[in-house]
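Visitor: This is target23.tsv (TSV, C-alpha atoms).
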```tsv
chain	number	residue	atom	x	y	z
Z	1	MET	CA	-49.89	-10.29	27.09
Z	2	ASN	CA	-46.58	-8.66	28.06
Z	3	ARG	CA	-45.50	-11.88	29.76
Z	4	ARG	CA	-46.27	-13.84	26.60
Z	5	PHE	CA	-44.19	-11.45	24.48
Z	6	GLY	CA	-41.36	-11.71	27.00
Z	7	ILE	CA	-41.38	-15.50	26.80
Z	8	LEU	CA	-41.39	-15.37	23.00
Z	9	ALA	CA	-38.48	-12.89	22.97
Z	10	ARG	CA	-36.42	-15.08	25.32
Z	11	TRP	CA	-37.20	-18.18	23.27
Z	12	LYS	CA	-36.18	-16.39	20.06
Z	13	THR	CA	-32.93	-15.18	21.64
Z	14	LYS	CA	-32.15	-18.69	22.89
Z	15	ARG	CA	-32.86	-20.19	19.49
Z	16	GLU	CA	-30.58	-17.66	17.76
Z	17	SER	CA	-27.87	-18.44	20.31
Z	18	LEU	CA	-28.19	-22.16	19.61
Z	19	GLU	CA	-28.08	-21.57	15.86
Z	20	GLU	CA	-24.97	-19.42	16.28
Z	21	SER	CA	-23.34	-22.13	18.39
Z	22	GLU	CA	-24.17	-24.83	15.84
Z	23	ARG	CA	-22.85	-22.67	13.02
Z	24	TYR	CA	-19.61	-22.18	14.96
Z	25	TYR	CA	-18.99	-25.91	15.38
Z	26	VAL	CA	-19.65	-26.81	11.74
Z	27	ALA	CA	-17.80	-23.85	10.21
Z	28	THR	CA	-14.55	-24.25	8.29
Z	29	PRO	CA	-11.32	-22.69	9.63
Z	30	ARG	CA	-11.50	-19.99	6.94
Z	31	GLN	CA	-15.02	-19.03	8.02
Z	32	LEU	CA	-13.92	-18.88	11.65
Z	33	MET	CA	-10.97	-16.68	10.74
Z	34	TRP	CA	-13.19	-14.31	8.77
Z	35	TRP	CA	-15.76	-14.08	11.58
Z	36	LYS	CA	-13.05	-13.29	14.10
Z	37	PHE	CA	-11.35	-10.83	11.77
Z	38	ARG	CA	-14.62	-8.91	11.36
Z	39	LYS	CA	-14.69	-8.31	15.11
Z	40	HIS	CA	-11.55	-6.17	14.76
Z	41	LYS	CA	-13.22	-2.98	13.55
Z	42	LEU	CA	-9.99	-1.09	12.82
Z	43	ALA	CA	-8.70	-4.01	10.77
Z	44	VAL	CA	-11.89	-4.13	8.70
Z	45	VAL	CA	-11.83	-0.37	8.06
Z	46	SER	CA	-8.13	-0.57	7.18
Z	47	LEU	CA	-8.84	-3.42	4.75
Z	48	TYR	CA	-11.40	-1.25	2.96
Z	49	ILE	CA	-8.92	1.65	2.88
Z	50	LEU	CA	-6.22	-0.54	1.35
Z	51	GLY	CA	-8.68	-1.93	-1.18
Z	52	PHE	CA	-9.65	1.62	-2.14
Z	53	MET	CA	-6.00	2.70	-2.45
Z	54	TYR	CA	-5.08	-0.27	-4.64
Z	55	LEU	CA	-8.18	0.27	-6.77
Z	56	ILE	CA	-7.08	3.87	-7.36
Z	57	ALA	CA	-3.56	2.65	-8.21
Z	58	ILE	CA	-4.90	0.16	-10.76
Z	59	PHE	CA	-6.99	2.82	-12.51
Z	60	ALA	CA	-4.47	5.64	-11.94
Z	61	GLU	CA	-4.69	7.16	-15.43
Z	62	PHE	CA	-8.48	7.26	-15.30
Z	63	VAL	CA	-8.71	8.67	-11.77
Z	64	SER	CA	-6.04	11.33	-12.31
Z	65	PRO	CA	-7.37	14.60	-13.75
Z	66	TYR	CA	-4.08	15.22	-15.61
Z	67	ASN	CA	-1.05	13.46	-16.95
Z	68	PRO	CA	1.36	13.34	-13.98
Z	69	ASN	CA	4.17	14.75	-16.14
Z	70	GLU	CA	2.14	17.51	-17.80
Z	71	ARG	CA	3.52	20.95	-17.00
Z	72	HIS	CA	1.40	24.06	-16.44
Z	73	ILE	CA	4.02	26.77	-16.83
Z	74	ARG	CA	1.67	29.50	-15.62
Z	75	GLN	CA	0.84	27.61	-12.42
Z	76	LEU	CA	4.22	26.97	-10.77
Z	77	TYR	CA	3.86	26.18	-7.06
Z	78	ALA	CA	0.17	26.96	-7.29
Z	79	PRO	CA	-1.74	26.29	-4.05
Z	80	ARG	CA	-4.69	23.95	-4.00
Z	81	GLN	CA	-7.91	25.23	-5.52
Z	82	LYS	CA	-10.81	25.33	-3.11
Z	83	ILE	CA	-14.12	23.69	-3.99
Z	84	HIS	CA	-17.06	26.09	-3.99
Z	85	TRP	CA	-20.76	25.31	-3.89
Z	86	ILE	CA	-21.84	28.93	-4.11
Z	87	TYR	CA	-20.83	30.79	-7.26
Z	88	ASN	CA	-22.41	33.11	-9.80
Z	89	GLY	CA	-24.51	34.49	-6.96
Z	90	ARG	CA	-26.34	31.30	-5.95
Z	91	PHE	CA	-25.99	27.76	-4.59
Z	92	HIS	CA	-25.27	24.92	-7.04
Z	93	LEU	CA	-25.45	21.16	-6.60
Z	94	ARG	CA	-22.40	20.82	-8.81
Z	95	PRO	CA	-19.25	22.18	-7.14
Z	96	ALA	CA	-16.84	24.41	-8.99
Z	97	VAL	CA	-13.33	25.83	-8.75
Z	98	PHE	CA	-12.35	29.42	-9.43
Z	99	THR	CA	-9.59	30.47	-11.81
Z	100	GLN	CA	-6.31	31.16	-10.07
Z	101	LYS	CA	-4.13	34.09	-11.10
Z	102	PHE	CA	-0.99	35.44	-9.57
Z	103	GLU	CA	0.76	38.72	-9.00
Z	104	ILE	CA	4.29	39.53	-7.88
Z	105	ASP	CA	4.51	40.66	-4.28
Z	106	PRO	CA	6.53	43.92	-4.37
Z	107	GLU	CA	8.11	43.19	-0.97
Z	108	THR	CA	9.09	39.53	-1.27
Z	109	LEU	CA	9.15	39.32	-5.10
Z	110	ARG	CA	7.27	36.04	-4.82
Z	111	GLU	CA	4.24	34.96	-6.82
Z	112	LYS	CA	1.03	35.48	-4.85
Z	113	TYR	CA	-2.01	33.55	-6.08
Z	114	TYR	CA	-5.58	34.74	-5.74
Z	115	GLU	CA	-8.97	33.47	-6.92
Z	116	VAL	CA	-11.19	35.08	-9.52
Z	117	PRO	CA	-14.82	34.29	-8.49
Z	118	GLU	CA	-16.15	35.61	-11.80
Z	119	GLU	CA	-14.43	32.72	-13.62
Z	120	ALA	CA	-15.98	29.57	-12.14
Z	121	TYR	CA	-15.50	26.15	-13.71
Z	122	PRO	CA	-17.90	23.39	-12.54
Z	123	ILE	CA	-16.28	20.04	-11.79
Z	124	ARG	CA	-17.71	17.37	-14.07
Z	125	LEU	CA	-17.62	13.61	-13.70
Z	126	PHE	CA	-16.28	11.55	-16.60
Z	127	ALA	CA	-14.74	14.59	-18.23
Z	128	ARG	CA	-12.55	14.65	-21.30
Z	129	GLY	CA	-8.91	15.59	-20.88
Z	130	ASP	CA	-5.40	14.38	-21.67
Z	131	ARG	CA	-5.15	11.26	-23.80
Z	132	TYR	CA	-3.54	8.16	-22.32
Z	133	ARG	CA	-3.25	4.43	-22.91
Z	134	MET	CA	-5.12	2.45	-20.26
Z	135	TRP	CA	-2.86	-0.42	-19.13
Z	136	GLY	CA	-1.15	-0.04	-22.51
Z	137	LEU	CA	-4.14	-1.69	-24.22
Z	138	PHE	CA	-6.37	1.06	-25.55
Z	139	GLU	CA	-6.24	4.83	-25.89
Z	140	THR	CA	-8.81	7.19	-24.40
Z	141	ASP	CA	-9.17	10.69	-22.96
Z	142	LEU	CA	-11.86	9.94	-20.36
Z	143	HIS	CA	-11.06	10.93	-16.76
Z	144	LEU	CA	-13.02	10.46	-13.55
Z	145	PHE	CA	-13.44	14.20	-13.09
Z	146	GLY	CA	-12.25	17.44	-14.61
Z	147	VAL	CA	-13.31	20.87	-15.83
Z	148	GLU	CA	-14.01	22.38	-19.20
Z	149	PRO	CA	-11.09	23.47	-21.42
Z	150	GLY	CA	-9.64	26.77	-20.25
Z	151	GLY	CA	-9.93	25.92	-16.56
Z	152	THR	CA	-7.77	23.94	-14.14
Z	153	VAL	CA	-8.55	21.80	-11.12
Z	154	PHE	CA	-5.58	21.49	-8.77
Z	155	LEU	CA	-7.10	20.00	-5.62
Z	156	PHE	CA	-3.64	19.36	-4.12
Z	157	GLY	CA	-1.77	22.23	-5.80
Z	158	THR	CA	1.20	21.98	-8.16
Z	159	ASP	CA	4.94	21.45	-7.78
Z	160	ARG	CA	7.92	23.53	-8.93
Z	161	MET	CA	7.35	22.54	-12.55
Z	162	GLY	CA	3.60	23.16	-12.53
Z	163	ARG	CA	2.63	19.48	-12.41
Z	164	ASP	CA	-0.59	18.51	-10.64
Z	165	MET	CA	0.24	17.03	-7.22
Z	166	LEU	CA	-2.93	14.92	-7.02
Z	167	SER	CA	-2.17	13.23	-10.35
Z	168	ARG	CA	1.42	12.62	-9.29
Z	169	ILE	CA	0.40	11.16	-5.92
Z	170	ILE	CA	-2.03	8.80	-7.65
Z	171	ALA	CA	0.63	7.77	-10.18
Z	172	GLY	CA	3.13	7.31	-7.36
Z	173	ALA	CA	0.70	5.04	-5.51
Z	174	ARG	CA	0.96	2.49	-8.32
Z	175	ILE	CA	4.74	2.23	-7.90
Z	176	SER	CA	4.99	2.51	-4.10
Z	177	LEU	CA	2.16	0.07	-3.41
Z	178	SER	CA	3.15	-2.47	-6.05
Z	179	ILE	CA	6.79	-2.58	-4.97
Z	180	GLY	CA	5.64	-3.81	-1.56
Z	181	PHE	CA	3.72	-6.73	-3.01
Z	182	VAL	CA	6.34	-7.66	-5.60
Z	183	GLY	CA	9.12	-7.43	-3.02
Z	184	ILE	CA	7.21	-9.52	-0.49
Z	185	ALA	CA	6.45	-12.16	-3.15
Z	186	LEU	CA	10.18	-12.60	-3.83
Z	187	SER	CA	10.99	-12.50	-0.10
Z	188	PHE	CA	8.34	-15.15	0.56
Z	189	ILE	CA	9.80	-17.50	-2.06
Z	190	LEU	CA	13.33	-17.14	-0.66
Z	191	GLY	CA	12.17	-17.33	2.95
Z	192	LEU	CA	9.98	-20.36	2.27
Z	193	ILE	CA	12.73	-22.33	0.56
Z	194	LEU	CA	15.59	-21.48	2.91
Z	195	GLY	CA	13.46	-21.43	6.06
Z	196	GLY	CA	11.82	-24.73	5.15
Z	197	ILE	CA	15.16	-26.43	4.51
Z	198	SER	CA	16.58	-25.01	7.72
Z	199	GLY	CA	13.63	-25.95	9.91
Z	200	TYR	CA	12.66	-29.35	8.54
Z	201	PHE	CA	15.97	-30.92	7.50
Z	202	GLY	CA	18.22	-29.22	10.08
Z	203	GLY	CA	21.84	-30.35	10.37
Z	204	VAL	CA	24.54	-28.61	8.39
Z	205	ALA	CA	22.00	-26.82	6.17
Z	206	ASP	CA	20.35	-25.29	9.23
Z	207	LEU	CA	23.72	-24.17	10.60
Z	208	ILE	CA	24.80	-22.51	7.34
Z	209	ILE	CA	21.46	-20.77	6.73
Z	210	GLN	CA	21.21	-19.46	10.30
Z	211	ARG	CA	24.75	-18.07	10.23
Z	212	LEU	CA	23.95	-16.39	6.89
Z	213	ILE	CA	20.84	-14.81	8.42
Z	214	GLU	CA	22.82	-13.58	11.40
Z	215	VAL	CA	25.48	-12.03	9.17
Z	216	MET	CA	22.84	-10.24	7.07
Z	217	ARG	CA	21.02	-8.98	10.15
Z	218	ALA	CA	24.30	-7.64	11.54
Z	219	PHE	CA	24.59	-5.05	8.74
Z	220	PRO	CA	22.79	-1.71	9.30
Z	221	ALA	CA	19.81	-1.71	6.95
Z	222	ILE	CA	19.91	1.82	5.55
Z	223	PRO	CA	23.67	1.95	4.74
Z	224	LEU	CA	23.40	-1.47	3.11
Z	225	TRP	CA	20.41	-0.33	1.03
Z	226	MET	CA	22.29	2.79	0.04
Z	227	GLY	CA	25.41	0.89	-0.95
Z	228	LEU	CA	23.58	-1.63	-3.12
Z	229	SER	CA	21.36	1.02	-4.71
Z	230	ALA	CA	24.34	3.26	-5.47
Z	231	ALA	CA	25.88	0.37	-7.41
Z	232	LEU	CA	23.10	0.50	-9.99
Z	233	PRO	CA	24.26	1.98	-13.31
Z	234	MET	CA	22.92	5.48	-14.01
Z	235	THR	CA	22.30	4.48	-17.63
Z	236	TRP	CA	19.66	1.89	-16.75
Z	237	SER	CA	16.10	2.47	-17.88
Z	238	PRO	CA	13.42	3.29	-15.25
Z	239	LEU	CA	11.96	-0.21	-15.63
Z	240	LYS	CA	15.31	-1.86	-14.90
Z	241	VAL	CA	15.85	0.39	-11.88
Z	242	TYR	CA	12.39	-0.49	-10.57
Z	243	PHE	CA	13.01	-4.24	-10.74
Z	244	ALA	CA	16.55	-3.85	-9.39
Z	245	ILE	CA	15.31	-1.92	-6.33
Z	246	THR	CA	12.61	-4.57	-5.81
Z	247	VAL	CA	15.18	-7.38	-5.96
Z	248	ILE	CA	17.49	-5.55	-3.53
Z	249	LEU	CA	14.71	-5.06	-1.01
Z	250	SER	CA	13.69	-8.71	-1.40
Z	251	LEU	CA	17.21	-10.02	-0.90
Z	252	LEU	CA	17.43	-8.07	2.34
Z	253	GLY	CA	13.90	-8.75	3.53
Z	254	TRP	CA	13.70	-12.55	3.36
Z	255	VAL	CA	15.54	-13.15	6.65
Z	256	GLY	CA	12.53	-12.36	8.86
Z	257	VAL	CA	10.24	-14.59	6.81
Z	258	ALA	CA	12.80	-17.42	6.88
Z	259	ARG	CA	13.11	-17.21	10.66
Z	260	ALA	CA	9.32	-17.36	11.10
Z	261	ILE	CA	8.98	-20.36	8.73
Z	262	ARG	CA	11.89	-22.16	10.39
Z	263	GLY	CA	10.28	-21.78	13.81
Z	264	LYS	CA	7.00	-23.22	12.59
Z	265	PHE	CA	8.71	-26.18	10.92
Z	266	LEU	CA	10.63	-26.93	14.12
Z	267	ALA	CA	7.40	-26.85	16.12
Z	268	LEU	CA	5.30	-28.95	13.73
Z	269	ARG	CA	7.64	-31.51	12.18
Z	270	GLU	CA	7.32	-33.82	15.23
Z	271	GLU	CA	3.54	-33.51	15.49
Z	272	ASP	CA	1.40	-36.64	15.16
Z	273	PHE	CA	-0.05	-35.76	11.74
Z	274	ALA	CA	3.43	-35.18	10.27
Z	275	VAL	CA	4.81	-38.41	11.75
Z	276	ALA	CA	1.74	-40.32	10.54
Z	277	ALA	CA	2.23	-39.02	7.02
Z	278	TYR	CA	5.89	-40.06	7.12
Z	279	LEU	CA	5.02	-43.57	8.37
Z	280	ALA	CA	2.40	-43.85	5.62
Z	281	GLY	CA	5.17	-43.49	3.06
Z	282	ALA	CA	4.84	-39.84	2.11
Z	283	SER	CA	8.02	-38.15	0.94
Z	284	LYS	CA	9.50	-35.27	2.91
Z	285	TRP	CA	8.61	-32.75	0.21
Z	286	ARG	CA	5.01	-33.99	0.15
Z	287	ILE	CA	4.81	-33.68	3.95
Z	288	ILE	CA	6.08	-30.11	3.70
Z	289	TYR	CA	3.76	-29.13	0.86
Z	290	LYS	CA	0.59	-31.04	1.79
Z	291	HIS	CA	0.68	-31.12	5.59
Z	292	LEU	CA	3.03	-28.62	7.22
Z	293	LEU	CA	2.56	-25.52	5.04
Z	294	PRO	CA	-1.27	-25.49	5.15
Z	295	SER	CA	-1.19	-25.85	8.94
Z	296	PHE	CA	0.57	-22.52	9.53
Z	297	MET	CA	-0.11	-20.57	6.34
Z	298	SER	CA	-2.31	-18.13	8.27
Z	299	HIS	CA	0.66	-17.17	10.44
Z	300	ILE	CA	2.83	-16.66	7.36
Z	301	ILE	CA	0.17	-14.37	5.87
Z	302	VAL	CA	0.34	-12.28	9.04
Z	303	VAL	CA	4.13	-12.05	8.81
Z	304	LEU	CA	3.95	-11.01	5.15
Z	305	THR	CA	1.25	-8.42	5.84
Z	306	LEU	CA	3.37	-6.81	8.54
Z	307	ALA	CA	6.46	-6.91	6.28
Z	308	ILE	CA	4.88	-5.00	3.38
Z	309	PRO	CA	5.08	-1.60	5.18
Z	310	HIS	CA	8.84	-2.11	5.65
Z	311	MET	CA	9.20	-2.56	1.89
Z	312	ILE	CA	7.23	0.63	1.19
Z	313	ILE	CA	9.25	2.62	3.75
Z	314	ALA	CA	12.52	1.26	2.35
Z	315	GLU	CA	11.62	2.32	-1.20
Z	316	THR	CA	10.50	5.73	0.05
Z	317	ALA	CA	13.72	6.25	2.00
Z	318	LEU	CA	15.96	5.23	-0.90
Z	319	SER	CA	14.10	7.40	-3.41
Z	320	TYR	CA	14.10	10.33	-0.98
Z	321	LEU	CA	17.89	10.05	-0.67
Z	322	GLY	CA	18.22	9.90	-4.45
Z	323	LEU	CA	19.50	6.31	-4.48
Z	324	GLY	CA	16.26	4.53	-5.33
Z	325	LEU	CA	13.81	5.24	-8.10
Z	326	ARG	CA	14.54	8.30	-10.19
Z	327	PRO	CA	12.48	10.52	-12.51
Z	328	PRO	CA	10.69	10.03	-14.84
Z	329	ILE	CA	9.39	7.25	-12.56
Z	330	THR	CA	6.91	8.70	-10.08
Z	331	SER	CA	6.71	7.24	-6.58
Z	332	TRP	CA	5.92	8.71	-3.20
Z	333	GLY	CA	9.62	8.71	-2.34
Z	334	VAL	CA	10.45	10.57	-5.56
Z	335	LEU	CA	7.78	13.16	-4.76
Z	336	LEU	CA	9.17	13.67	-1.25
Z	337	LYS	CA	12.62	14.32	-2.68
Z	338	GLU	CA	11.40	17.81	-3.58
Z	339	THR	CA	10.88	18.57	0.12
Z	340	GLN	CA	14.61	18.42	0.87
Z	341	ASN	CA	14.72	22.18	0.49
Z	342	ILE	CA	13.37	23.48	3.80
Z	343	GLN	CA	12.58	26.90	2.33
Z	344	ASP	CA	10.42	25.42	-0.43
Z	345	MET	CA	8.68	23.18	2.11
Z	346	ALA	CA	7.94	26.16	4.36
Z	347	HIS	CA	6.46	28.22	1.53
Z	348	HIS	CA	4.68	25.33	-0.20
Z	349	PRO	CA	3.49	22.89	2.51
Z	350	TRP	CA	1.27	20.93	0.10
Z	351	LEU	CA	4.45	19.26	-1.21
Z	352	LEU	CA	4.35	17.15	1.98
Z	353	LEU	CA	0.96	15.61	1.10
Z	354	PRO	CA	2.54	12.28	0.00
Z	355	VAL	CA	3.58	11.80	3.64
Z	356	LEU	CA	-0.08	11.61	4.65
Z	357	PHE	CA	-0.73	8.80	2.17
Z	358	ILE	CA	2.38	6.91	3.31
Z	359	ILE	CA	1.28	7.16	6.95
Z	360	LEU	CA	-2.27	6.09	6.05
Z	361	VAL	CA	-1.10	3.01	4.12
Z	362	ILE	CA	1.45	1.98	6.78
Z	363	LEU	CA	-1.12	2.26	9.57
Z	364	ALA	CA	-3.70	0.38	7.49
Z	365	PHE	CA	-1.30	-2.51	6.85
Z	366	ASN	CA	-0.38	-2.66	10.54
Z	367	PHE	CA	-4.03	-2.74	11.63
Z	368	VAL	CA	-4.84	-5.42	9.06
Z	369	GLY	CA	-1.84	-7.41	10.31
Z	370	ASP	CA	-3.08	-7.10	13.89
Z	371	GLY	CA	-6.52	-8.30	12.85
Z	372	LEU	CA	-5.06	-11.25	10.95
Z	373	ARG	CA	-2.84	-12.11	13.91
Z	374	ASP	CA	-5.90	-12.32	16.15
Z	375	ALA	CA	-7.85	-14.29	13.55
Z	376	ALA	CA	-4.99	-16.70	12.85
Z	377	ASP	CA	-6.07	-18.72	15.91
Z	378	PRO	CA	-9.88	-18.70	15.56
Z	379	TYR	CA	-10.38	-21.12	18.45
Z	380	ALA	CA	-8.69	-18.85	21.00
Z	381	THR	CA	-11.03	-16.95	23.30
```
Using structure tokens, write down the structure that the file contains.
Guide:
Amino acid sequence: MNRRFGILARWKTKRESLEESERYYVATPRQLMWWKFRKHKLAVVSLYILGFMYLIAIFAEFVSPYNPNERHIRQLYAPRQKIHWIYNGRFHLRPAVFTQKFEIDPETLREKYYEVPEEAYPIRLFARGDRYRMWGLFETDLHLFGVEPGGTVFLFGTDRMGRDMLSRIIAGARISLSIGFVGIALSFILGLILGGISGYFGGVADLIIQRLIEVMRAFPAIPLWMGLSAALPMTWSPLKVYFAITVILSLLGWVGVARAIRGKFLALREEDFAVAAYLAGASKWRIIYKHLLPSFMSHIIVVLTLAIPHMIIAETALSYLGLGLRPPITSWGVLLKETQNIQDMAHHPWLLLPVLFIILVILAFNFVGDGLRDAADPYAT
């Protein structure tokens, strides 16, 4: 009996192996890339993290417990409120936060916060709070979580003006994460056009474009960013400043994309399928659009994925130095500008929390880029 079960188990394993092999040979390149990408566990986890972060950024007003610019004048530099499951003398399934009050320390003359366990406010899902316009379409006061009127829920503490840090970090995610995608989109268009002309047509155009790239790469990045950002008029609206910073980062970030596209065009323009299309009467632009671009688009996606973190870091650095986005716009770089005072940072370490989100997003993009780089050649062992 055991021998029979062993034979059946081996036969089943062999059949599954054959089915897997057949599925591999009939699969499309996209399916092969996805199967290979899933083998990179860190890349898959990072993809879920990025999806979660962008989902929060899209629904920032709903997820935030408060308006990011709302001031709580009695809670300046308030530390984070701890979540408690035991209050009113017993265990509760619904967590709560205790009221925070402060007193003046007679020695340091600083405000010292303490919790009042007798005043517990349960955290409720889909709570009512500050009114806002969702995506500018409709007005509502529904938030993902909150407490009853009279209480506060500062899970990440408050800043020097009494604004909730969690709400500001979530609002900043929308700007910092979107500027990476918008900047990369513009960089991709410039890099595709100039890199394609340089790699496929060559000649004088290639010479001029390559010398331009070398000149731009010769300038130190940060001083160049600072110089161009400082040229922006102080009277511009926050929206104009946002788009101007995005354009500046794009104009300086297209060189890497152009070099990658040029290299691929040089490698593929003499391949048999490109020559066959030319002999069949296809125009050069049709060969580029229909034959060459689809053949290495996966590699371009990898390059763009790895370039997004540079855009986010550039915006953060410029805003931290005061040359990028400015209040009332909220970004992670703007939030970090408050940590320039070492004394405030030492006494209020929760002001550095945006750094953790920046590190998390940068690492996630890098891991996703590594996974895509491995999956870009699905036939490699």
Visitor: Find the residues near range 337-343 of chain Z: any atom within 12 Å, counting all atoms listed in the file, skip ones fewer than 5 places away on the same chain, and give them as a ChimeraX atom specification.
Guide: /Z:77,158-161,165,316-327,330-332,348-355
Visitor: Using only C-alpha atoms, can you tell me which of Z:Ser187, Z:Asn67, Z:Gln75, Z:Gln100 comes closest to Tyr132 in chain Z?
Guide: Z:Asn67
Visitor: Given the choices Z:Leu363, Z:Leu42, Z:Val63, Z:Ile288, which gets closest to Phe201 in chain Z if the distance is worked out from only C-alpha atoms?
Guide: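 The answer is Z:Ile288, which sits nearest to Phe201 in chain Z.
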Visitor: Could you work out how far CA of Ile209 in chain Z lies from CA of Ile261 in chain Z, giving the answer in Å with one decimal?
Guide: 12.6 Å
Visitor: For CA of Val361 in chain Z and CA of Phe52 in chain Z, quote the distance in Å rounded to one decimal.
Guide: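 Interatomic distance, CA of Val361 in chain Z to CA of Phe52 in chain Z: 10.7 Å.
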Visitor: Around (-12.3, 33.2, -14.8) in the file's frame, which residues reach within 10 Å when counting all atoms listed in the file? Return as a PyMOL selection string?
Guide: chain Z and resi 97-101+115-121+150-151
Visitor: Tell me, as a short mmCIF file (atom, residue, chain, number, x, y, z; two decimals) with C-alpha atoms, keeping the file's coordinate frame, which residues lie within 10 Å of Arg269 in chain Z, counting all atoms listed in the file; anything in the same chain fewer than 4 positions away does not count.
Guide:
```cif
data_model
loop_
_atom_site.label_atom_id
_atom_site.label_comp_id
_atom_site.auth_asym_id
_atom_site.auth_seq_id
_atom_site.Cartn_x
_atom_site.Cartn_y
_atom_site.Cartn_z
CA GLY Z 199 13.63 -25.95 9.91
CA TYR Z 200 12.66 -29.35 8.54
CA PHE Z 201 15.97 -30.92 7.50
CA LYS Z 264 7.00 -23.22 12.59
CA PHE Z 265 8.71 -26.18 10.92
CA PHE Z 273 -0.05 -35.76 11.74
CA ALA Z 274 3.43 -35.18 10.27
CA VAL Z 275 4.81 -38.41 11.75
CA ILE Z 287 4.81 -33.68 3.95
CA ILE Z 288 6.08 -30.11 3.70
CA HIS Z 291 0.68 -31.12 5.59
CA LEU Z 292 3.03 -28.62 7.22
#
```
Visitor: Is there a way to get, as a PyMOL selection string, all residues within 9 Å of the point (4.8, 5.5, -7.5) in file coordinates, counting all atoms listed in the file?
Guide: chain Z and resi 57+168-179+329-335
Visitor: What is the CA of Trp285 in chain Z-CA of Ile300 in chain Z distance in Å, reported with one decimal?
Guide: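 Value for the CA of Trp285 in chain Z-CA of Ile300 in chain Z distance: 18.5 Å.
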Visitor: Any chance you could work out the axis-aligned box around range 307-315 of chain Z, listed atoms only, 5 Å on each side, giving centre and edge lengths in Å to one decimal, as AutoDock Vina command-line options?
Guide:
```
--center_x 8.7 --center_y -2.1 --center_z 2.5 --size_x 17.6 --size_y 19.5 --size_z 17.5
```
Visitor: Find, counting all atoms listed in the file, the residue in Z:Ile123, Z:Val182, Z:Leu360, Z:Ala375 that gets nearest to Leu32 in chain Z.
Guide: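 Nearest candidate to Leu32 in chain Z out of Z:Ile123, Z:Val182, Z:Leu360, Z:Ala375: Z:Ala375.
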Visitor: So, with all atoms listed in the file as the atoms that count, which of Z:Ser295, Z:Met216, Z:Ser64, Z:His72 lies closest to Gly146 in chain Z?
Guide: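 Going through Z:Ser295, Z:Met216, Z:Ser64, Z:His72 one by one, the smallest distance to Gly146 in chain Z is for Z:Ser64.
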Visitor: Considering only C-alpha atoms, can you say which of Z:Ala258, Z:Ala280, Z:Val303, Z:Met345 comes closest to Gly196 in chain Z?
Guide: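 With only C-alpha atoms as the atom set, the closest residue is Z:Ala258.
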